>>> print(open('structure.cif').read())   # mmCIF, C-alpha atoms and all ligand atoms
data_target
loop_
_atom_site.label_atom_id
_atom_site.label_comp_id
_atom_site.auth_asym_id
_atom_site.auth_seq_id
_atom_site.Cartn_x
_atom_site.Cartn_y
_atom_site.Cartn_z
CA MET A 37 -52.75 -5.33 -51.84
CA SER A 38 -51.63 -5.74 -48.21
CA VAL A 39 -48.14 -6.81 -47.19
CA SER A 40 -49.52 -9.87 -45.40
CA SER A 41 -51.22 -11.10 -48.57
CA LEU A 42 -47.89 -10.80 -50.35
CA LEU A 43 -45.98 -12.81 -47.75
CA SER A 44 -47.24 -16.18 -48.94
CA ARG A 45 -45.38 -15.84 -52.25
CA GLY A 46 -41.67 -16.18 -52.96
CA ALA A 47 -39.34 -13.53 -51.53
CA VAL A 48 -38.31 -12.21 -54.94
CA ASP A 49 -41.90 -11.63 -56.10
CA ILE A 50 -42.88 -10.03 -52.81
CA LEU A 51 -40.00 -7.61 -52.82
CA GLU A 52 -40.55 -6.61 -56.44
CA GLU A 53 -44.26 -6.06 -55.82
CA LEU A 54 -43.59 -4.00 -52.69
CA GLN A 55 -41.15 -1.79 -54.58
CA ILE A 56 -43.62 -1.11 -57.37
CA LEU A 57 -46.37 -0.26 -54.87
CA THR A 58 -44.09 2.05 -52.89
CA ALA A 59 -42.81 3.85 -55.98
CA LYS A 60 -46.40 4.55 -57.05
CA THR A 61 -47.44 6.00 -53.70
CA MET A 62 -44.33 7.99 -52.73
CA GLU A 63 -45.11 11.65 -52.13
CA LYS A 64 -43.02 14.77 -51.73
CA VAL A 65 -43.14 15.94 -48.14
CA GLU A 66 -41.91 19.04 -46.37
CA ILE A 67 -40.33 17.56 -43.24
CA THR A 68 -41.03 20.41 -40.82
CA LYS A 69 -44.75 20.43 -41.68
CA GLN A 70 -45.26 16.84 -40.58
CA TYR A 71 -42.38 16.15 -38.20
CA GLU A 72 -40.68 17.84 -35.28
CA VAL A 73 -36.98 17.04 -35.51
CA ILE A 74 -35.51 16.28 -32.08
CA ARG A 75 -31.90 15.25 -32.80
CA GLU A 76 -29.57 13.28 -35.03
CA LEU A 77 -29.27 9.64 -33.98
CA GLY A 78 -26.48 8.65 -36.31
CA LYS A 79 -24.75 9.13 -39.63
CA GLY A 80 -23.95 6.57 -42.28
CA THR A 81 -22.24 6.50 -45.63
CA TYR A 82 -25.25 7.71 -47.58
CA GLY A 83 -27.19 9.89 -45.21
CA ARG A 84 -28.33 10.25 -41.63
CA VAL A 85 -30.93 9.06 -39.15
CA ASN A 86 -32.93 11.61 -37.12
CA LEU A 87 -35.17 11.19 -34.10
CA VAL A 88 -38.46 12.94 -34.87
CA ILE A 89 -41.99 13.23 -33.54
CA HIS A 90 -44.78 12.64 -36.05
CA LYS A 91 -46.87 15.77 -35.39
CA ALA A 92 -50.27 14.28 -36.23
CA ARG A 93 -49.75 11.01 -34.33
CA GLY A 94 -47.46 12.27 -31.55
CA THR A 95 -45.24 9.20 -32.12
CA LYS A 96 -41.47 9.21 -31.78
CA MET A 97 -39.80 7.58 -34.76
CA ALA A 98 -36.42 7.35 -36.48
CA LEU A 99 -36.34 8.84 -39.98
CA LYS A 100 -33.59 7.53 -42.26
CA PHE A 101 -32.52 10.09 -44.88
CA LEU A 102 -30.68 8.85 -47.98
CA ARG A 103 -29.10 11.54 -50.13
CA LYS A 104 -30.49 11.51 -53.68
CA LYS A 105 -27.07 12.53 -55.02
CA THR A 106 -25.56 9.23 -53.92
CA THR A 107 -28.58 6.88 -53.71
CA LYS A 108 -30.62 5.72 -56.69
CA GLN A 109 -34.38 5.51 -56.16
CA LYS A 110 -34.13 1.78 -56.88
CA SER A 111 -31.63 1.28 -54.02
CA PHE A 112 -33.83 3.28 -51.64
CA LEU A 113 -36.91 1.24 -52.57
CA GLN A 114 -34.95 -1.97 -52.18
CA GLU A 115 -33.76 -1.06 -48.65
CA TYR A 116 -37.20 0.16 -47.55
CA CYS A 117 -39.05 -2.86 -48.93
CA ILE A 118 -36.59 -5.44 -47.61
CA SER A 119 -36.75 -3.76 -44.19
CA ARG A 120 -40.56 -3.86 -44.25
CA TYR A 121 -40.64 -7.44 -45.44
CA LEU A 122 -38.39 -8.52 -42.55
CA SER A 123 -39.83 -6.31 -39.82
CA ALA A 124 -42.36 -8.94 -38.69
CA CYS A 125 -39.47 -10.68 -36.92
CA PRO A 126 -39.20 -9.50 -33.28
CA TYR A 127 -35.40 -9.28 -33.62
CA ILE A 128 -35.48 -6.98 -36.65
CA ILE A 129 -36.15 -3.25 -36.47
CA GLY A 130 -39.82 -2.34 -36.82
CA MET A 131 -40.96 -0.23 -39.77
CA TYR A 132 -43.73 2.31 -40.26
CA ASP A 133 -45.66 2.40 -43.47
CA ILE A 134 -43.97 5.71 -44.29
CA ALA A 135 -41.70 6.39 -47.26
CA PHE A 136 -41.44 9.76 -49.00
CA GLU A 137 -39.03 12.15 -50.68
CA THR A 138 -37.86 15.70 -50.19
CA ASP A 139 -35.92 17.76 -52.74
CA GLU A 140 -32.65 16.34 -51.44
CA PHE A 141 -33.46 13.02 -49.80
CA TYR A 142 -35.37 9.75 -49.94
CA VAL A 143 -36.77 9.07 -46.47
CA PHE A 144 -38.36 6.18 -44.57
CA ALA A 145 -39.52 5.78 -40.97
CA GLN A 146 -38.37 3.15 -38.49
CA GLU A 147 -39.10 2.26 -34.92
CA TYR A 148 -36.85 4.28 -32.56
CA ALA A 149 -34.27 2.23 -30.62
CA VAL A 150 -34.02 4.19 -27.37
CA ALA A 151 -30.58 3.01 -26.25
CA GLY A 152 -28.73 3.50 -29.55
CA ASP A 153 -26.48 0.87 -31.08
CA LEU A 154 -24.29 -1.95 -29.77
CA PHE A 155 -21.03 -0.26 -30.73
CA ASP A 156 -21.55 2.38 -28.05
CA ILE A 157 -21.81 -0.07 -25.17
CA ILE A 158 -18.86 -2.38 -25.87
CA PRO A 159 -16.12 -1.32 -23.43
CA PRO A 160 -12.95 -0.96 -25.55
CA GLN A 161 -10.27 -3.61 -24.85
CA VAL A 162 -12.48 -5.21 -22.24
CA GLY A 163 -15.70 -6.30 -23.90
CA LEU A 164 -19.08 -7.18 -22.48
CA SER A 165 -19.68 -9.88 -19.89
CA GLU A 166 -20.34 -13.39 -21.16
CA HIS A 167 -23.92 -13.16 -19.91
CA THR A 168 -24.70 -9.92 -21.76
CA THR A 169 -22.89 -11.15 -24.88
CA LYS A 170 -24.93 -14.35 -24.97
CA ARG A 171 -28.20 -12.52 -24.39
CA CYS A 172 -27.44 -10.13 -27.23
CA ILE A 173 -25.83 -12.45 -29.77
CA TYR A 174 -28.59 -15.00 -29.36
CA GLN A 175 -31.10 -12.45 -30.61
CA VAL A 176 -28.76 -11.53 -33.48
CA ALA A 177 -28.58 -15.25 -34.35
CA LEU A 178 -32.37 -15.49 -34.44
CA ALA A 179 -32.59 -12.40 -36.65
CA LEU A 180 -30.00 -13.78 -39.06
CA ASP A 181 -31.67 -17.18 -39.15
CA TYR A 182 -34.93 -15.41 -40.02
CA LEU A 183 -33.21 -13.61 -42.91
CA HIS A 184 -31.39 -16.69 -44.17
CA ASN A 185 -34.59 -18.75 -44.12
CA ARG A 186 -36.00 -16.14 -46.49
CA LYS A 187 -32.99 -16.47 -48.80
CA LEU A 188 -31.60 -13.08 -47.83
CA VAL A 189 -28.04 -12.21 -46.85
CA HIS A 190 -27.51 -9.08 -44.71
CA ARG A 191 -23.90 -8.39 -45.83
CA ASP A 192 -23.22 -5.67 -43.26
CA ILE A 193 -23.24 -7.34 -39.86
CA LYS A 194 -21.43 -5.10 -37.36
CA PRO A 195 -22.22 -3.57 -33.92
CA GLU A 196 -23.37 -0.27 -35.44
CA ASN A 197 -26.20 -2.13 -37.16
CA ILE A 198 -27.45 -3.81 -34.00
CA LEU A 199 -29.84 -1.42 -32.31
CA ILE A 200 -30.46 -1.73 -28.59
CA PHE A 201 -33.39 -0.84 -26.37
CA ASP A 202 -31.60 -1.14 -23.01
CA LYS A 203 -27.94 -1.21 -21.99
CA GLU A 204 -28.23 -4.81 -20.76
CA CYS A 205 -29.26 -5.96 -24.27
CA ARG A 206 -32.49 -7.58 -23.09
CA LYS A 207 -34.04 -6.33 -26.31
CA ILE A 208 -31.98 -5.79 -29.46
CA LYS A 209 -32.89 -5.55 -33.13
CA LEU A 210 -30.92 -5.97 -36.33
CA SER A 211 -31.12 -3.02 -38.73
CA ASP A 212 -29.68 -1.44 -41.90
CA PHE A 213 -30.69 -3.58 -44.85
CA GLY A 214 -29.04 -1.29 -47.41
CA MET A 215 -26.61 -4.02 -48.47
CA THR A 216 -29.02 -6.96 -48.12
CA ARG A 217 -29.33 -9.11 -51.23
CA ILE A 218 -30.93 -12.38 -52.27
CA ALA A 219 -28.64 -15.39 -51.78
CA GLY A 220 -27.24 -16.81 -54.99
CA THR A 221 -27.25 -13.53 -56.90
CA THR A 222 -24.01 -12.08 -58.25
CA GLU A 223 -22.88 -8.75 -56.89
CA LYS A 224 -20.00 -6.51 -57.75
CA ARG A 225 -17.48 -6.28 -54.94
CA VAL A 226 -17.69 -2.52 -54.39
CA SER A 227 -17.64 -2.41 -50.58
CA GLY A 228 -14.56 -1.53 -48.60
CA THR A 229 -12.73 -4.04 -46.44
CA ILE A 230 -13.48 -3.89 -42.74
CA PRO A 231 -12.61 -6.33 -39.93
CA TYR A 232 -15.94 -8.10 -40.50
CA THR A 233 -15.26 -8.82 -44.19
CA ALA A 234 -14.77 -12.54 -44.95
CA PRO A 235 -11.35 -13.58 -46.36
CA GLU A 236 -12.77 -14.74 -49.71
CA LEU A 237 -14.17 -11.21 -50.21
CA CYS A 238 -11.00 -9.48 -49.03
CA GLU A 239 -9.17 -11.40 -51.75
CA THR A 240 -11.70 -10.53 -54.47
CA SER A 241 -10.56 -7.53 -56.46
CA LYS A 242 -12.76 -4.46 -56.51
CA HIS A 243 -15.57 -4.40 -59.07
CA SER A 244 -15.23 -8.10 -59.82
CA GLY A 245 -18.32 -10.25 -59.29
CA PHE A 246 -18.95 -12.63 -56.41
CA LEU A 247 -21.81 -14.84 -55.35
CA VAL A 248 -23.91 -13.58 -52.42
CA ASP A 249 -23.83 -16.35 -49.81
CA TYR A 250 -24.99 -16.86 -46.21
CA SER A 251 -21.40 -17.69 -45.23
CA ILE A 252 -20.53 -13.95 -45.51
CA ASP A 253 -22.91 -13.22 -42.61
CA VAL A 254 -21.69 -16.22 -40.63
CA TRP A 255 -18.10 -14.96 -40.81
CA ALA A 256 -19.11 -11.41 -39.77
CA PHE A 257 -21.16 -12.89 -36.92
CA GLY A 258 -18.02 -14.70 -35.66
CA VAL A 259 -15.97 -11.49 -35.79
CA LEU A 260 -18.80 -9.61 -34.05
CA LEU A 261 -18.83 -12.19 -31.28
CA PHE A 262 -15.07 -11.83 -30.76
CA CYS A 263 -15.44 -8.02 -30.61
CA MET A 264 -18.25 -8.21 -28.08
CA MET A 265 -16.31 -10.49 -25.75
CA THR A 266 -12.95 -8.74 -25.95
CA GLY A 267 -13.53 -5.12 -26.95
CA ASN A 268 -10.92 -5.67 -29.69
CA PHE A 269 -11.06 -6.70 -33.32
CA PRO A 270 -9.42 -10.08 -34.01
CA TRP A 271 -7.65 -8.42 -36.99
CA GLU A 272 -8.00 -5.36 -39.18
CA LYS A 273 -8.40 -7.31 -42.41
CA ALA A 274 -8.69 -11.03 -43.07
CA LEU A 275 -5.63 -10.97 -45.32
CA HIS A 276 -2.32 -12.76 -44.90
CA SER A 277 -0.58 -9.39 -44.75
CA ASP A 278 -2.37 -8.82 -41.42
CA SER A 279 -0.25 -10.54 -38.77
CA PHE A 280 -3.21 -11.16 -36.43
CA TYR A 281 -5.15 -12.84 -39.21
CA TYR A 282 -2.12 -14.79 -40.46
CA GLU A 283 -1.56 -16.20 -36.97
CA PHE A 284 -5.23 -17.23 -36.79
CA TYR A 285 -5.02 -18.75 -40.28
CA GLN A 286 -1.95 -20.83 -39.37
CA TRP A 287 -3.60 -21.99 -36.18
CA GLN A 288 -6.77 -23.04 -37.98
CA LYS A 289 -4.88 -24.73 -40.82
CA TYR A 290 -2.39 -26.64 -38.68
CA LYS A 291 -4.61 -27.55 -35.76
CA ASN A 292 -1.74 -28.43 -33.45
CA ALA A 293 -0.12 -25.00 -33.73
CA ASN A 294 -0.22 -22.78 -30.64
CA VAL A 295 -3.44 -20.95 -29.84
CA PRO A 296 -2.75 -17.26 -30.61
CA SER A 297 -2.70 -15.32 -27.35
CA GLN A 298 -5.83 -13.23 -27.99
CA TRP A 299 -7.84 -16.45 -28.37
CA ARG A 300 -6.57 -18.05 -25.14
CA ARG A 301 -9.23 -16.50 -22.96
CA PHE A 302 -11.87 -18.71 -24.61
CA THR A 303 -12.86 -22.19 -23.47
CA SER A 304 -12.47 -25.17 -25.79
CA HIS A 305 -16.22 -25.07 -26.51
CA ALA A 306 -16.02 -21.40 -27.51
CA LEU A 307 -12.97 -22.09 -29.69
CA LYS A 308 -14.83 -24.91 -31.47
CA MET A 309 -17.72 -22.54 -32.09
CA PHE A 310 -15.32 -19.90 -33.48
CA SER A 311 -13.68 -22.50 -35.74
CA LYS A 312 -17.08 -23.27 -37.25
CA LEU A 313 -18.09 -19.62 -37.66
CA LEU A 314 -14.69 -18.49 -38.88
CA SER A 315 -13.86 -21.43 -41.10
CA ILE A 316 -11.40 -20.11 -43.67
CA GLU A 317 -13.17 -21.99 -46.48
CA PRO A 318 -16.68 -20.52 -46.88
CA GLU A 319 -18.22 -23.86 -47.88
CA LYS A 320 -17.11 -25.37 -44.56
CA ARG A 321 -18.57 -22.55 -42.45
CA CYS A 322 -21.52 -23.60 -40.31
CA SER A 323 -25.01 -22.16 -40.53
CA ILE A 324 -26.14 -19.74 -37.84
CA LYS A 325 -28.44 -22.22 -36.13
CA ASP A 326 -25.55 -24.72 -35.77
CA ILE A 327 -24.06 -22.61 -32.98
CA LEU A 328 -27.19 -22.44 -30.80
CA TRP A 329 -26.02 -25.59 -28.99
CA TYR A 330 -23.01 -23.67 -27.67
CA PHE A 331 -25.16 -21.23 -25.71
CA GLY A 332 -25.44 -23.82 -22.94
CA LYS A 333 -21.63 -23.92 -22.58
CA THR A 334 -19.18 -21.59 -20.86
CA TRP A 335 -17.28 -19.38 -23.32
CA LEU A 336 -14.76 -17.48 -21.22
CA VAL A 337 -12.02 -19.15 -19.21
CA THR A 338 -12.18 -16.40 -16.59
CA LYS A 339 -15.04 -16.39 -14.12
CA GLU A 340 -17.88 -14.21 -15.34
CA GLU A 341 -18.02 -12.30 -12.03
CA SER A 342 -14.43 -11.11 -12.37
CA HIS A 343 -14.95 -9.97 -15.95
CA PRO A 344 -14.33 -7.23 -17.11
CA SER A 345 -12.48 -5.57 -14.23
CA GLU A 346 -9.62 -8.10 -14.37
CA ALA A 347 -8.77 -7.10 -17.89
CA LYS A 348 -5.15 -6.21 -18.25
CA ASN A 349 -4.28 -4.25 -21.32
CA ASN A 350 -2.16 -1.24 -20.64
CA ASN A 351 0.97 -1.81 -22.67
CA ASP A 352 -0.07 -4.61 -24.97
CA VAL A 353 -0.54 -4.62 -28.71
CA PHE A 354 -4.00 -5.39 -30.04
CA VAL A 355 -6.50 -4.40 -32.68
CA ASN A 356 -8.50 -1.83 -30.76
CA ILE A 357 -12.21 -1.77 -31.50
CA LYS A 358 -12.33 2.01 -31.08
CA PRO A 359 -8.98 3.40 -32.23
CA GLN A 360 -8.72 7.04 -33.16
CA GLY A 361 -9.12 7.86 -36.80
CA LEU A 362 -9.64 4.46 -38.39
CA PRO A 363 -11.96 4.82 -41.36
CA TYR A 364 -14.45 2.08 -40.47
CA LEU A 365 -15.68 3.80 -37.34
CA ASN A 366 -19.03 5.49 -36.78
CA GLY A 367 -20.98 3.06 -38.87
CA ASN A 368 -19.03 3.73 -42.02
CA THR A 369 -17.56 1.12 -44.24
CA LEU A 370 -14.56 2.41 -46.14
CA ASP A 371 -16.28 3.10 -49.40
CA SER A 372 -19.31 0.88 -49.39
CA ASN A 373 -22.07 1.28 -51.92
CA LYS A 374 -24.88 0.65 -51.18
CA SER A 375 -34.01 -23.01 -51.00
CA ASP A 376 -33.26 -22.98 -47.49
CA THR A 377 -35.62 -25.86 -46.50
CA SER A 378 -34.37 -26.17 -42.95
CA PRO A 379 -36.93 -25.48 -40.26
CA SER A 380 -37.12 -21.99 -38.78
CA LEU A 381 -36.29 -21.43 -35.16
CA SER A 382 -39.32 -20.99 -33.01
CA PHE A 383 -39.39 -17.54 -31.48
CA SER A 384 -41.97 -18.45 -28.88
CA SER A 385 -40.33 -21.57 -27.54
CA CYS A 386 -36.76 -20.37 -27.90
CA SER A 387 -36.95 -16.65 -27.25
CA SER A 388 -34.02 -16.48 -24.88
CA TYR A 389 -30.73 -18.32 -24.75
CA GLU A 390 -31.42 -18.88 -21.06
CA ASP A 391 -34.02 -21.43 -22.26
CA VAL A 392 -31.33 -23.53 -23.93
CA PRO A 393 -30.60 -26.52 -21.65
CA LYS A 394 -27.31 -26.05 -19.87
CA GLU A 395 -24.85 -28.91 -19.77
CA SER A 396 -21.89 -29.56 -17.58
CA ASN A 397 -19.07 -27.11 -18.10
CA ALA A 398 -16.43 -29.69 -17.29
CA ASN A 399 -13.53 -29.98 -19.77
CA SER A 400 -14.07 -26.43 -20.92
CA ILE A 401 -10.80 -24.99 -19.66
CA LEU A 402 -8.20 -24.82 -22.39
CA VAL A 403 -5.31 -23.05 -20.70
CA SER A 404 -4.31 -22.69 -17.12
CA ALA A 405 -1.68 -20.03 -17.72
CA PRO A 406 -2.65 -16.42 -16.97
CA ILE A 407 -4.95 -15.10 -19.64
CA GLU A 408 -3.56 -12.27 -21.67
CA ILE A 409 -6.05 -9.95 -23.28
CA CYS A 410 -3.58 -8.92 -25.91
CA VAL A 411 -0.59 -10.15 -27.83
N1 LIG B 1 -34.10 3.14 -35.60
C1 LIG B 1 -33.05 3.70 -35.01
N2 LIG B 1 -33.09 4.06 -33.71
C2 LIG B 1 -32.00 4.61 -33.10
N3 LIG B 1 -30.83 4.85 -33.73
C3 LIG B 1 -30.70 4.51 -35.02
C4 LIG B 1 -31.81 3.93 -35.73
N4 LIG B 1 -31.42 3.68 -37.00
C5 LIG B 1 -30.13 4.08 -37.07
N5 LIG B 1 -29.70 4.60 -35.91
C6 LIG B 1 -28.34 5.13 -35.63
O1 LIG B 1 -27.83 5.70 -36.83
C7 LIG B 1 -26.64 5.01 -37.26
C8 LIG B 1 -26.59 4.95 -38.78
O2 LIG B 1 -27.74 4.26 -39.26
P1 LIG B 1 -27.68 3.26 -40.47
O3 LIG B 1 -26.68 2.18 -40.19
O4 LIG B 1 -29.05 2.83 -40.81
O5 LIG B 1 -27.10 4.22 -41.61
P2 LIG B 1 -26.31 3.81 -42.92
O6 LIG B 1 -26.12 5.04 -43.73
O7 LIG B 1 -27.00 2.69 -43.59
O8 LIG B 1 -24.93 3.29 -42.33
P3 LIG B 1 -23.79 2.49 -43.10
O9 LIG B 1 -22.81 3.52 -43.50
O10 LIG B 1 -23.27 1.54 -42.06
O11 LIG B 1 -24.42 1.77 -44.25
C9 LIG B 1 -26.72 3.64 -36.56
O12 LIG B 1 -25.43 3.07 -36.38
C10 LIG B 1 -27.39 4.01 -35.24
O13 LIG B 1 -26.44 4.51 -34.31
#
>>> encode(input="structure.cif", output="structure tokens")
Amino acid sequence: MSVSSLLSRGAVDILEELQILTAKTMEKVEITKQYEVIRELGKGTYGRVNLVIHKARGTKMALKFLRKKTTKQKSFLQEYCISRYLSACPYIIGMYDIAFETDEFYVFAQEYAVAGDLFDIIPPQVGLSEHTTKRCIYQVALALDYLHNRKLVHRDIKPENILIFDKECRKIKLSDFGMTRIAGTTEKRVSGTIPYTAPELCETSKHSGFLVDYSIDVWAFGVLLFCMMTGNFPWEKALHSDSFYYEFYQWQKYKNANVPSQWRRFTSHALKMFSKLLSIEPEKRCSIKDILWYFGKTWLVTKEESHPSEAKNNNDVFVNIKPQGLPYLNGNTLDSNKSDTSPSLSFSSCSSYEDVPKESNANSILVSAPIEICV
């Protein structure tokens, strides 16, 4: 049975069927016989990703190795099949019809993203330009909308999982579906807390159950956007014990409180968008497609041309996106384990945020005082 013939049925049935088919056809392979290993592309919690050349086809591909010691076959099959199921979307990493095992690893093959991941190109404490951010995050939004329309929640949105094909982010693809689950299912909260973790999850005690919901991705998307535009995290953890988060919480709760300094660089339109994405109550958080309107607005108070060189950050306190020695770096979470009826976005008619009609940017300036990058 072909994948395309499976796609007309419900997501749950398709994924189950794909897993059964894959399990039946998985072979043991000796890597060096079929592949020439070029280099390691990255490391994650449960294995590594290598750039290889398929000897028979001469094709470069990325092989993801998941250690059998720490990954159940069921988890491997789930990640591979969800990735394949989603890979028809142009903003999601492409997959080869290749899954096999070695003595030590489960392995599958992905399209190779030549420029690496987004984390590597965000200038620390400065961030990307508004133009590059919009170009990139728009594609992430389309990828997430694609997932959410298929009742799936990614659950691990972060720059390390956004693969890039050029440094200007003209072409990016979402990857790593190891944590992806069907919306509405109950999961044990076994992942670590990282800056992208939504407050309702930070508060849930380890190993207690929680409902998988789209709002988890929406929150992480908001944090990702902040990171891209500032080169800093907004906070380390969305907990009241984190002073950066507490300040944000107070500001959001009592709307007339002062705008925390690290948010003052954003225009009123951008702040409205952040309030919707980072709504403290998950049920009030917007859906991903609700923010597409904001792409026609200006987001940074500073002129785009003067960004990022005007950034001033030498002696200030901030949550650095690339500090030394913090445990959530290099793609690792701390200790992570591994009927939407709304219309889909049209990829053909809406493939670039530049296509979104621009409106007047008047009234977008929130503060006239000098913008401080940090607190
Ligand atoms: N297809 C690819 N092309 C290029 N680089 C890749 C590709 N896939 C992964 N990488 C690199 O390898 C890193 C780790 O990959 P990946 O996130 O899939 O591993 P993981 O074990 O699932 O990580 P995590 O610990 O976040 O769950 C990525 O951050 C990226 O830098």
>>> residues_around(input="structure.cif", residues="Tyr148 (chain A)", least_positions_apart="2", cutoff="7 Å", atoms="only C-alpha atoms", output="ChimeraX atom specification")
/A:96-98,146,150
>>> closest_residue(input="structure.cif", among="A:Val88, A:Val259, A:Ile324, A:Ile316", to="ligand LIG 1 (chain B)", atoms="all atoms listed in the file")
A:Val88
>>> atom_distance(input="structure.cif", atom1="CA of Phe280 (chain A)", atom2="CA of Lys242 (chain A)")
23.2 Å
>>> atom_distance(input="structure.cif", atom1="CA of Leu183 (chain A)", atom2="CA of Leu210 (chain A)")
10.3 Å
>>> axis_aligned_box(input="structure.cif", around="region 303-321 of chain A", padding_each_side="8 Å", output="JSON")
{"center_x": -15.0, "center_y": -21.9, "center_z": -35.7, "size_x": 23.2, "size_y": 22.9, "size_z": 40.4}
>>> closest_residue(input="structure.cif", among="A:Leu336, A:Ala135, A:Val254, A:Leu99", to="ligand LIG 1 (chain B)", atoms="all atoms listed in the file")
A:Leu99
>>> closest_residue(input="structure.cif", among="A:Glu52, A:Gln70, A:Lys60, A:Arg75", to="ligand LIG 1 (chain B)", atoms="only C-alpha atoms and all ligand atoms")
A:Arg75
>>> residues_near_ligand(input="structure.cif", ligand="ligand LIG 1 (chain B)", cutoff="7 Å", atoms="all atoms listed in the file", output="list in words")
Leu77, Gly78, Lys79, Gly80, Thr81, Tyr82, Gly83, Arg84, Val85, Ala98, Lys100, Ile129, Gln146, Glu147, Tyr148, Ala149, Val150, Gly152, Asp153, Glu196, Asn197, Leu199, Ser211, Asp212, Gly214, Asn366, Gly367, Asn368 and Thr369 of chain A
>>> residues_around(input="structure.cif", residues="Lys203 (chain A)", least_positions_apart="6", cutoff="9 Å", atoms="only C-alpha atoms", output="PyMOL selection string")
chain A and resi 151-152+154+157
>>> write_last_selection(input="structure.cif", atoms="C-alpha atoms", output="compact mmCIF listing (two decimals), keeping the file's coordinate frame")
# COMPACT_ATOMS: atom_id res chain seq x y z
CA ALA A 151 -30.58 3.01 -26.25
CA GLY A 152 -28.73 3.50 -29.55
CA LEU A 154 -24.29 -1.95 -29.77
CA ILE A 157 -21.81 -0.07 -25.17
>>> atom_distance(input="structure.cif", atom1="CA of Val189 (chain A)", atom2="CA of Gln175 (chain A)")
16.5 Å
>>> closest_residue(input="structure.cif", among="A:Ala306, A:Leu314, A:Met265, A:Val143", to="Ile252 (chain A)", atoms="only C-alpha atoms")
A:Leu314
>>> residues_around(input="structure.cif", residues="Phe213 (chain A)", least_positions_apart="4", cutoff="7 Å", atoms="only C-alpha atoms", output="ChimeraX atom specification")
/A:115,118-119,190
>>> build_atoms(input="structure.cif", residues="region 78-82 of chain A", atoms="all heavy atoms", output="PDB file, in the coordinates of the input")
ATOM      1  N   GLY A  78     -27.687   9.247 -35.744  1.00  0.00           N
ATOM      2  CA  GLY A  78     -26.480   8.650 -36.310  1.00  0.00           C
ATOM      3  C   GLY A  78     -26.299   9.073 -37.754  1.00  0.00           C
ATOM      4  O   GLY A  78     -27.200   9.647 -38.371  1.00  0.00           O
ATOM      5  N   LYS A  79     -25.081   8.803 -38.244  1.00  0.00           N
ATOM      6  CA  LYS A  79     -24.750   9.130 -39.630  1.00  0.00           C
ATOM      7  C   LYS A  79     -24.199   7.900 -40.292  1.00  0.00           C
ATOM      8  O   LYS A  79     -23.484   7.123 -39.664  1.00  0.00           O
ATOM      9  CB  LYS A  79     -23.670  10.218 -39.650  1.00  0.00           C
ATOM     10  CG  LYS A  79     -24.194  11.586 -39.932  1.00  0.00           C
ATOM     11  CD  LYS A  79     -23.047  12.534 -40.130  1.00  0.00           C
ATOM     12  CE  LYS A  79     -23.587  13.938 -40.349  1.00  0.00           C
ATOM     13  NZ  LYS A  79     -22.602  14.944 -40.016  1.00  0.00           N
ATOM     14  N   GLY A  80     -24.514   7.697 -41.550  1.00  0.00           N
ATOM     15  CA  GLY A  80     -23.950   6.570 -42.280  1.00  0.00           C
ATOM     16  C   GLY A  80     -23.285   7.076 -43.539  1.00  0.00           C
ATOM     17  O   GLY A  80     -23.108   8.285 -43.724  1.00  0.00           O
ATOM     18  N   THR A  81     -22.947   6.148 -44.411  1.00  0.00           N
ATOM     19  CA  THR A  81     -22.240   6.500 -45.630  1.00  0.00           C
ATOM     20  C   THR A  81     -23.106   7.357 -46.550  1.00  0.00           C
ATOM     21  O   THR A  81     -22.620   8.236 -47.238  1.00  0.00           O
ATOM     22  CB  THR A  81     -21.840   5.205 -46.384  1.00  0.00           C
ATOM     23  OG1 THR A  81     -21.391   4.258 -45.419  1.00  0.00           O
ATOM     24  CG2 THR A  81     -20.754   5.451 -47.392  1.00  0.00           C
ATOM     25  N   TYR A  82     -24.396   7.076 -46.578  1.00  0.00           N
ATOM     26  CA  TYR A  82     -25.250   7.710 -47.580  1.00  0.00           C
ATOM     27  C   TYR A  82     -26.280   8.689 -47.043  1.00  0.00           C
ATOM     28  O   TYR A  82     -27.115   9.182 -47.786  1.00  0.00           O
ATOM     29  CB  TYR A  82     -25.959   6.631 -48.417  1.00  0.00           C
ATOM     30  CG  TYR A  82     -24.949   5.826 -49.158  1.00  0.00           C
ATOM     31  CD1 TYR A  82     -24.539   4.598 -48.674  1.00  0.00           C
ATOM     32  CD2 TYR A  82     -24.348   6.339 -50.303  1.00  0.00           C
ATOM     33  CE1 TYR A  82     -23.562   3.875 -49.331  1.00  0.00           C
ATOM     34  CE2 TYR A  82     -23.368   5.632 -50.965  1.00  0.00           C
ATOM     35  CZ  TYR A  82     -22.981   4.400 -50.479  1.00  0.00           C
ATOM     36  OH  TYR A  82     -22.011   3.704 -51.114  1.00  0.00           O
TER      37      TYR A  82
END
